[in-house]
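This is protein.cif. It holds mmCIF, C-alpha atoms.
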```cif
data_model
loop_
_atom_site.label_atom_id
_atom_site.label_comp_id
_atom_site.auth_asym_id
_atom_site.auth_seq_id
_atom_site.Cartn_x
_atom_site.Cartn_y
_atom_site.Cartn_z
CA MET A 37 -59.18 -64.02 38.39
CA GLU A 38 -56.07 -62.31 37.14
CA THR A 39 -56.34 -58.57 36.89
CA SER A 40 -54.96 -56.50 34.09
CA THR A 41 -52.85 -53.50 34.87
CA ILE A 42 -52.87 -50.24 33.00
CA GLN A 43 -50.01 -47.81 33.46
CA LYS A 44 -49.07 -44.52 31.90
CA LEU A 45 -45.59 -43.90 30.51
CA GLU A 46 -44.90 -40.70 28.54
CA ASN A 47 -47.65 -40.65 25.91
CA LEU A 48 -48.08 -44.43 26.06
CA LEU A 49 -50.76 -46.34 27.89
CA LEU A 50 -49.32 -49.71 28.87
CA VAL A 51 -51.88 -52.49 29.13
CA SER A 52 -50.72 -55.90 30.30
CA VAL A 53 -53.25 -58.35 28.95
CA PRO A 54 -53.82 -61.25 31.35
CA ARG A 55 -53.81 -64.91 30.40
CA ASP A 56 -57.15 -66.71 29.93
CA LEU A 57 -59.35 -63.66 29.60
CA MET A 58 -63.05 -64.34 29.74
CA ASP A 59 -65.32 -62.63 27.26
CA ASP A 60 -66.83 -60.12 29.69
CA GLU A 61 -63.39 -59.32 31.08
CA VAL A 62 -62.24 -58.53 27.56
CA LEU A 63 -65.06 -56.03 27.19
CA ARG A 64 -64.33 -54.51 30.60
CA LEU A 65 -60.66 -54.14 29.69
CA ARG A 66 -61.55 -52.41 26.44
CA ARG A 67 -63.80 -49.92 28.23
CA GLN A 68 -61.10 -49.24 30.80
CA VAL A 69 -58.55 -48.57 28.05
CA VAL A 70 -60.84 -46.05 26.37
CA ARG A 71 -61.45 -44.31 29.71
CA GLU A 72 -57.75 -44.08 30.57
CA ILE A 73 -56.89 -42.66 27.14
CA ARG A 74 -59.13 -39.72 27.92
CA LYS A 75 -57.69 -39.39 31.41
CA TYR A 76 -54.03 -39.37 30.35
CA HIS A 77 -54.44 -37.98 26.85
CA SER A 78 -52.46 -40.94 25.53
CA ARG A 79 -51.26 -41.05 21.95
CA TRP A 80 -50.47 -44.79 21.99
CA VAL A 81 -51.97 -47.85 23.60
CA MET A 82 -49.50 -50.67 24.01
CA LEU A 83 -51.18 -54.03 24.46
CA ASP A 84 -48.62 -56.28 26.07
CA PHE A 85 -49.32 -59.92 25.23
CA SER A 86 -46.30 -61.54 26.89
CA ALA A 87 -48.51 -63.44 29.37
CA VAL A 88 -50.98 -64.60 26.71
CA ASP A 89 -50.74 -68.02 25.10
CA ILE A 90 -54.01 -68.04 23.17
CA CYS A 91 -54.86 -65.56 20.48
CA ASP A 92 -57.95 -66.99 18.83
CA SER A 93 -60.29 -65.18 16.47
CA PHE A 94 -62.33 -63.67 19.32
CA PHE A 95 -59.20 -62.22 20.84
CA GLY A 96 -58.22 -60.98 17.42
CA ARG A 97 -61.53 -59.22 17.20
CA PHE A 98 -60.82 -57.61 20.59
CA ILE A 99 -57.50 -56.25 19.34
CA GLN A 100 -59.06 -54.98 16.12
CA SER A 101 -62.06 -53.35 17.81
CA THR A 102 -59.85 -51.75 20.48
CA ALA A 103 -57.67 -50.31 17.72
CA ASP A 104 -60.71 -48.98 15.87
CA MET A 105 -62.12 -47.40 19.04
CA VAL A 106 -58.92 -45.76 20.23
CA GLY A 107 -58.40 -44.60 16.64
CA LEU A 108 -61.52 -42.49 17.00
CA MET A 109 -59.87 -40.89 20.02
CA GLY A 110 -56.73 -40.01 18.11
CA ALA A 111 -54.61 -42.83 19.50
CA ASP A 112 -52.96 -45.87 17.94
CA VAL A 113 -52.56 -49.41 19.19
CA ILE A 114 -49.17 -51.09 19.40
CA VAL A 115 -49.14 -54.82 20.09
CA SER A 116 -46.07 -56.05 21.93
CA GLY A 117 -44.59 -59.18 23.43
CA LEU A 118 -46.32 -61.80 21.29
CA GLN A 119 -44.70 -65.15 21.97
CA ASP A 120 -43.21 -67.11 19.05
CA ALA A 121 -45.76 -69.90 19.33
CA VAL A 122 -48.62 -67.40 19.53
CA VAL A 123 -47.42 -65.65 16.38
CA GLU A 124 -47.23 -68.99 14.59
CA THR A 125 -50.75 -69.91 15.72
CA MET A 126 -52.19 -66.53 14.68
CA ILE A 127 -50.78 -66.81 11.18
CA GLU A 128 -51.89 -70.44 10.81
CA LEU A 129 -55.32 -69.34 11.94
CA GLY A 130 -55.33 -66.79 9.12
CA MET A 131 -55.54 -63.75 11.35
CA THR A 132 -54.58 -60.43 9.81
CA LEU A 133 -54.86 -57.30 11.89
CA GLU A 134 -55.13 -54.05 10.00
CA ASN A 135 -53.65 -50.70 11.02
CA ILE A 136 -51.94 -52.25 13.99
CA ARG A 137 -48.26 -51.91 14.64
CA ALA A 138 -46.37 -54.56 16.50
CA VAL A 139 -43.11 -54.32 18.41
CA LEU A 140 -41.05 -56.84 20.34
CA ASP A 141 -40.96 -55.07 23.70
CA LEU A 142 -41.42 -51.85 25.65
CA ASP A 143 -38.09 -50.40 24.47
CA ASP A 144 -39.20 -50.65 20.85
CA ALA A 145 -42.61 -49.22 21.68
CA LEU A 146 -41.01 -46.18 23.34
CA ALA A 147 -38.61 -45.71 20.43
CA LEU A 148 -41.53 -45.84 18.00
CA SER A 149 -43.67 -43.37 19.93
CA ARG A 150 -40.78 -40.91 20.30
CA THR A 151 -39.84 -41.11 16.62
CA VAL A 152 -43.40 -40.52 15.52
CA GLN A 153 -43.73 -37.60 17.91
CA ARG A 154 -40.57 -35.99 16.49
CA THR A 155 -41.80 -36.54 12.94
CA GLU A 156 -45.10 -34.90 13.78
CA MET A 157 -43.30 -31.92 15.35
CA TYR A 158 -41.05 -31.64 12.30
CA THR A 159 -44.05 -31.67 9.94
CA GLN A 160 -45.66 -28.91 11.97
CA GLY A 161 -42.42 -26.93 11.86
CA MET A 162 -42.16 -27.26 8.07
CA LYS A 163 -45.73 -26.11 7.69
CA ALA A 164 -44.90 -23.02 9.70
CA LEU A 165 -41.76 -22.39 7.63
CA ASN A 166 -43.80 -22.58 4.45
CA GLY A 167 -45.55 -19.50 5.68
CA HIS A 168 -48.91 -20.82 6.65
CA ASP A 169 -48.91 -20.45 10.38
CA ILE A 170 -46.14 -17.95 11.05
CA ASP A 171 -46.79 -15.05 13.34
CA TRP A 172 -45.02 -12.41 11.21
CA ASP A 173 -45.21 -9.75 13.91
CA ASN A 174 -42.73 -11.76 15.88
CA GLY A 175 -41.01 -13.07 12.78
CA TRP A 176 -38.56 -15.91 13.00
CA ASP A 177 -38.29 -15.53 16.75
CA ALA A 178 -41.67 -17.19 17.01
CA LEU A 179 -40.13 -20.40 15.75
CA ASP A 180 -37.98 -22.43 18.07
CA MET A 181 -35.28 -23.02 15.45
CA ASP A 182 -33.00 -24.93 17.82
CA SER A 183 -35.54 -27.59 18.54
CA LEU A 184 -36.49 -27.76 14.88
CA HIS A 185 -32.87 -28.39 13.91
CA ARG A 186 -32.54 -30.96 16.66
CA ASP A 187 -35.61 -32.79 15.45
CA THR A 188 -34.47 -32.65 11.84
CA HIS A 189 -31.18 -34.27 12.82
CA ALA A 190 -32.95 -36.85 14.93
CA ILE A 191 -35.19 -37.79 12.02
CA ALA A 192 -32.23 -37.98 9.66
CA GLU A 193 -30.62 -40.46 12.04
CA VAL A 194 -33.63 -42.76 12.20
CA MET B 297 -55.03 -98.13 11.51
CA SER B 298 -55.91 -99.00 15.06
CA LEU B 299 -56.27 -96.26 17.57
CA THR B 300 -56.30 -96.88 21.28
CA ARG B 301 -58.11 -94.48 23.47
CA THR B 302 -56.60 -94.02 26.86
CA LEU B 303 -58.52 -93.50 30.07
CA THR B 304 -57.82 -89.82 30.31
CA LYS B 305 -61.12 -88.70 28.88
CA THR B 306 -62.24 -85.36 30.28
CA ARG B 307 -65.67 -83.89 29.74
CA VAL B 308 -66.36 -80.20 30.07
CA ALA B 309 -69.92 -78.92 29.84
CA ILE B 310 -69.96 -75.60 28.01
CA HIS B 311 -72.59 -73.12 29.16
CA ASN B 312 -70.71 -69.83 29.46
CA ASP B 313 -67.31 -68.24 28.99
CA VAL B 314 -66.06 -69.52 32.35
CA ASP B 315 -66.52 -73.06 30.99
CA VAL B 316 -64.55 -72.08 27.90
CA VAL B 317 -61.61 -71.12 30.11
CA VAL B 318 -61.99 -74.42 32.03
CA ALA B 319 -61.89 -76.38 28.75
CA ILE B 320 -58.81 -74.41 27.66
CA GLN B 321 -57.03 -75.03 30.97
CA LYS B 322 -57.84 -78.76 30.95
CA GLY B 323 -56.66 -79.04 27.36
CA ARG B 324 -53.45 -77.24 28.23
CA MET B 325 -52.82 -79.53 31.21
CA LEU B 326 -53.53 -82.66 29.19
CA ALA B 327 -51.18 -81.62 26.36
CA GLN B 328 -48.51 -80.61 28.85
CA ALA B 329 -48.78 -83.89 30.77
CA HIS B 330 -48.35 -85.89 27.56
CA GLY B 331 -45.24 -84.08 26.42
CA PHE B 332 -46.63 -81.90 23.63
CA SER B 333 -44.33 -79.05 22.65
CA THR B 334 -45.19 -75.46 23.56
CA ASN B 335 -46.22 -74.75 19.96
CA GLU B 336 -48.45 -77.82 19.87
CA GLN B 337 -50.00 -76.82 23.19
CA TYR B 338 -50.75 -73.29 21.99
CA ILE B 339 -52.18 -74.54 18.72
CA THR B 340 -54.37 -77.09 20.52
CA VAL B 341 -55.76 -74.66 23.10
CA THR B 342 -56.44 -72.06 20.42
CA ALA B 343 -58.47 -74.64 18.47
CA ILE B 344 -60.32 -75.59 21.69
CA SER B 345 -61.09 -71.94 22.30
CA GLU B 346 -62.46 -71.53 18.76
CA VAL B 347 -64.86 -74.48 18.93
CA ALA B 348 -65.90 -73.67 22.51
CA HIS B 349 -66.72 -70.11 21.54
CA ASN B 350 -68.70 -71.44 18.60
CA ILE B 351 -70.80 -73.56 20.97
CA ILE B 352 -71.65 -70.54 23.14
CA ASN B 353 -72.31 -68.20 20.24
CA TYR B 354 -74.41 -70.46 18.07
CA ALA B 355 -75.78 -73.29 20.23
CA ARG B 356 -75.67 -71.63 23.68
CA CYS B 357 -74.56 -74.85 25.34
CA GLY B 358 -72.82 -78.08 24.56
CA GLU B 359 -69.94 -80.26 25.61
CA ILE B 360 -66.26 -80.66 24.89
CA THR B 361 -64.44 -83.92 25.50
CA LEU B 362 -60.68 -84.12 25.58
CA ASP B 363 -58.85 -87.38 25.16
CA ILE B 364 -55.46 -88.81 24.36
CA VAL B 365 -55.32 -91.41 21.60
CA GLU B 366 -52.37 -93.63 20.88
CA GLN B 367 -51.31 -95.41 17.75
CA GLY B 368 -48.22 -97.47 18.40
CA LYS B 369 -45.77 -94.97 19.85
CA ARG B 370 -47.56 -92.01 18.36
CA CYS B 371 -49.80 -89.93 20.51
CA ALA B 372 -52.48 -87.37 19.72
CA ILE B 373 -54.86 -85.17 21.61
CA LEU B 374 -58.45 -85.68 20.50
CA ILE B 375 -61.03 -82.95 20.92
CA VAL B 376 -64.72 -83.48 20.30
CA ALA B 377 -67.12 -80.54 20.53
CA THR B 378 -70.79 -81.45 20.51
CA ASP B 379 -73.90 -79.35 20.71
CA ALA B 380 -77.60 -79.73 20.09
CA GLY B 381 -77.88 -76.28 18.55
CA PRO B 382 -79.37 -75.07 15.26
CA GLY B 383 -76.78 -76.85 13.11
CA ILE B 384 -74.94 -75.48 10.09
CA PRO B 385 -76.96 -75.43 6.85
CA ASP B 386 -73.91 -75.21 4.58
CA VAL B 387 -70.80 -76.70 6.17
CA GLN B 388 -68.60 -75.95 3.15
CA GLN B 389 -69.51 -72.28 3.34
CA ALA B 390 -68.97 -72.18 7.10
CA LEU B 391 -65.45 -73.50 6.52
CA LYS B 392 -64.54 -70.59 4.26
CA ASP B 393 -62.30 -67.85 5.63
CA GLY B 394 -64.15 -64.73 6.60
CA TYR B 395 -67.56 -66.39 6.69
CA SER B 396 -69.36 -65.55 9.89
CA THR B 397 -72.90 -65.04 11.09
CA GLY B 398 -71.64 -64.24 14.58
CA ALA B 399 -69.28 -62.01 16.46
CA GLY B 400 -65.87 -63.40 15.48
CA LEU B 401 -63.54 -62.71 12.59
CA GLY B 402 -65.03 -65.60 10.64
CA LEU B 403 -61.88 -67.64 11.09
CA GLY B 404 -63.07 -70.03 13.80
CA LEU B 405 -63.83 -73.22 11.92
CA SER B 406 -61.49 -72.70 8.99
CA GLY B 407 -58.74 -71.64 11.37
CA ALA B 408 -59.24 -74.61 13.67
CA ARG B 409 -59.10 -76.89 10.64
CA ARG B 410 -55.79 -75.38 9.56
CA LEU B 411 -54.34 -75.59 13.06
CA MET B 412 -55.19 -79.23 13.68
CA ASP B 413 -53.97 -82.36 11.87
CA GLU B 414 -57.37 -83.97 11.48
CA PHE B 415 -60.64 -82.13 11.36
CA GLU B 416 -64.15 -83.43 10.79
CA ILE B 417 -67.46 -81.68 11.11
CA VAL B 418 -70.88 -83.29 11.10
CA SER B 419 -73.90 -81.04 11.30
CA GLU B 420 -77.59 -81.42 10.83
CA VAL B 421 -79.96 -78.47 10.78
CA GLY B 422 -82.19 -78.50 13.85
CA LYS B 423 -80.22 -81.30 15.51
CA GLY B 424 -76.78 -79.98 16.21
CA THR B 425 -73.12 -80.03 15.32
CA THR B 426 -70.17 -82.23 16.21
CA VAL B 427 -66.62 -81.16 15.50
CA THR B 428 -63.93 -83.80 15.89
CA MET B 429 -60.31 -82.80 15.59
CA TRP B 430 -56.92 -83.98 16.69
CA LYS B 431 -53.33 -82.94 16.87
CA TRP B 432 -50.46 -85.44 16.73
CA ARG B 433 -47.48 -84.97 18.97
CA ASN B 434 -44.37 -84.43 16.89
CA ASP B 435 -41.87 -86.75 18.53
CA ASN B 436 -38.88 -85.70 16.43
CA ASN B 437 -38.17 -82.37 18.06
CA ASN B 438 -40.32 -82.76 21.12
CA ARG B 439 -37.79 -84.20 23.51
CA ALA B 440 -35.28 -81.40 23.10
CA LYS B 441 -37.91 -78.71 23.56
CA ASN B 442 -39.24 -80.25 26.73
CA SER B 443 -35.89 -80.82 28.37
CA ARG B 444 -35.08 -77.16 27.94
CA SER B 445 -38.17 -75.82 29.63
#
```

Now, as a test, write the supplied structure out as structure tokens.
Amino acid sequence: METSTIQKLENLLLVSVPRDLMDDEVLRLRRQVVREIRKYHSRWVMLDFSAVDICDSFFGRFIQSTADMVGLMGADVIVSGLQDAVVETMIELGMTLENIRAVLDLDDALALSRTVQRTEMYTQGMKALNGHDIDWDNGWDALDMDSLHRDTHAIAEV
Amino acid sequence: MSLTRTLTKTRVAIHNDVDVVVAIQKGRMLAQAHGFSTNEQYITVTAISEVAHNIINYARCGEITLDIVEQGKRCAILIVATDAGPGIPDVQQALKDGYSTGAGLGLGLSGARRLMDEFEIVSEVGKGTTVTMWKWRNDNNNRAKNSRS
């Protein structure tokens, strides 16, 4: 039996999905993912499918249910590394996965998670600027303007 | 049209999800050995996985036979999934996308039909279901793909 590996990287949980997963192994993997999210406080779960050559409707259901579960824990699923032939088969099969982002590889997944994190920080900063959450006793000093500017530029570049 | 069955027939009894993986692996090996392209292999094993899961989920047990059929120089992989389960009352409805009484996405049968070149389903309530499907090897671009890998 091939074992799946789960690793933490920044706010990503990297899950390498093994080839030929049996049904009970799929369930075990899903439980493990949910447990590790809590442990590492992960914001993203990246399901790496580069070793997988079958994505049938039961596997599709696994991806969808994992996404729904981790969604309730405040995390999002990113699917990565789907092989060309697997993508073709999934579409022919009629599989549509909702609320799931897909990237080509780990680099893209990291870029996505960092961009989203910056956007979220920027949104929080704007909220504070609009006067909702500012600690007026400390005035503008309470805001880290440098990092806000940096993030604004970073977002503009994306 | 005259089809010749070869002597490669493989039977896999399906009782649990370990058997499903065995059927998938045998199907993959058979397709590989007969020069099917990677895409054709993936499509074939996905269809095997769908019908094998259907056996477990609806009939509990059954059998999958894998075979290579030849017609002149053409070659196809033939998959027959048989069970003595409850049968499907309305086959046309079961072939619709999104229709499911079980745990899948409701794409199993309709998806397998789209993936394969030929697809036939015979079912009788109380007696069981037989799904017969095959995938032709595309010989036009096959050679190039195989020599690369």

Requested in this report: Quick one: everything within 12 Å of Gly96 of chain A, counting all atoms listed in the file, minus sequence neighbours fewer than 6 positions away in the same chain. Send it as a ChimeraX atom specification.
Outcome: /A:62,85,90,102-103,115,122-123,125-127,129-134,136 /B:342,346,399-404

Those same residues - C-alpha atoms - I'd like them written as an mmCIF file, keeping the file's coordinate frame.
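Printed below is part.cif as written:
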```
data_model
loop_
_atom_site.group_PDB
_atom_site.id
_atom_site.type_symbol
_atom_site.label_atom_id
_atom_site.label_comp_id
_atom_site.auth_asym_id
_atom_site.auth_seq_id
_atom_site.Cartn_x
_atom_site.Cartn_y
_atom_site.Cartn_z
ATOM 1 C CA VAL A 62 -62.240 -58.530 27.560
ATOM 2 C CA PHE A 85 -49.320 -59.920 25.230
ATOM 3 C CA ILE A 90 -54.010 -68.040 23.170
ATOM 4 C CA THR A 102 -59.850 -51.750 20.480
ATOM 5 C CA ALA A 103 -57.670 -50.310 17.720
ATOM 6 C CA VAL A 115 -49.140 -54.820 20.090
ATOM 7 C CA VAL A 122 -48.620 -67.400 19.530
ATOM 8 C CA VAL A 123 -47.420 -65.650 16.380
ATOM 9 C CA THR A 125 -50.750 -69.910 15.720
ATOM 10 C CA MET A 126 -52.190 -66.530 14.680
ATOM 11 C CA ILE A 127 -50.780 -66.810 11.180
ATOM 12 C CA LEU A 129 -55.320 -69.340 11.940
ATOM 13 C CA GLY A 130 -55.330 -66.790 9.120
ATOM 14 C CA MET A 131 -55.540 -63.750 11.350
ATOM 15 C CA THR A 132 -54.580 -60.430 9.810
ATOM 16 C CA LEU A 133 -54.860 -57.300 11.890
ATOM 17 C CA GLU A 134 -55.130 -54.050 10.000
ATOM 18 C CA ILE A 136 -51.940 -52.250 13.990
ATOM 19 C CA THR B 342 -56.440 -72.060 20.420
ATOM 20 C CA GLU B 346 -62.460 -71.530 18.760
ATOM 21 C CA ALA B 399 -69.280 -62.010 16.460
ATOM 22 C CA GLY B 400 -65.870 -63.400 15.480
ATOM 23 C CA LEU B 401 -63.540 -62.710 12.590
ATOM 24 C CA GLY B 402 -65.030 -65.600 10.640
ATOM 25 C CA LEU B 403 -61.880 -67.640 11.090
ATOM 26 C CA GLY B 404 -63.070 -70.030 13.800
#
```

Report task. Considering all atoms listed in the file, extract the chain B residues located within 10 Å of chain A and return them as a ChimeraX atom specification. Result -> /B:312-318,320-321,333-346,349,393-394,399-412

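Distance-wise, atom CA of Val421 of chain B and atom CA of Lys305 of chain B end up 28.1 Å apart.
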
**Report entry** Atom-to-atom span, atom CA of Asp413 of chain B and atom CA of Lys431 of chain B, Å
**Finding:** 5.1 Å

Query raised in the report: What is the atom CA of Leu118 of chain A-atom CA of Leu140 of chain A distance in Å, reported with one decimal?
Result: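 These two atoms are separated by 7.3 Å.
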
Report task. Given the file shown, enumerate the residues that the PyMOL selection byres ((chain B and resi 363-377) around 7) captures and present them as a count of residues only. Result -> 24

Query raised in the report: Contacts of Arg74 of chain A at 10 Å or less, counting only C-alpha atoms, minus same-chain residues fewer than 5 places along, as a list in words?
Result: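 Non-adjacent residues within range: Val69, Arg79, Val106 and Met109 of chain A.
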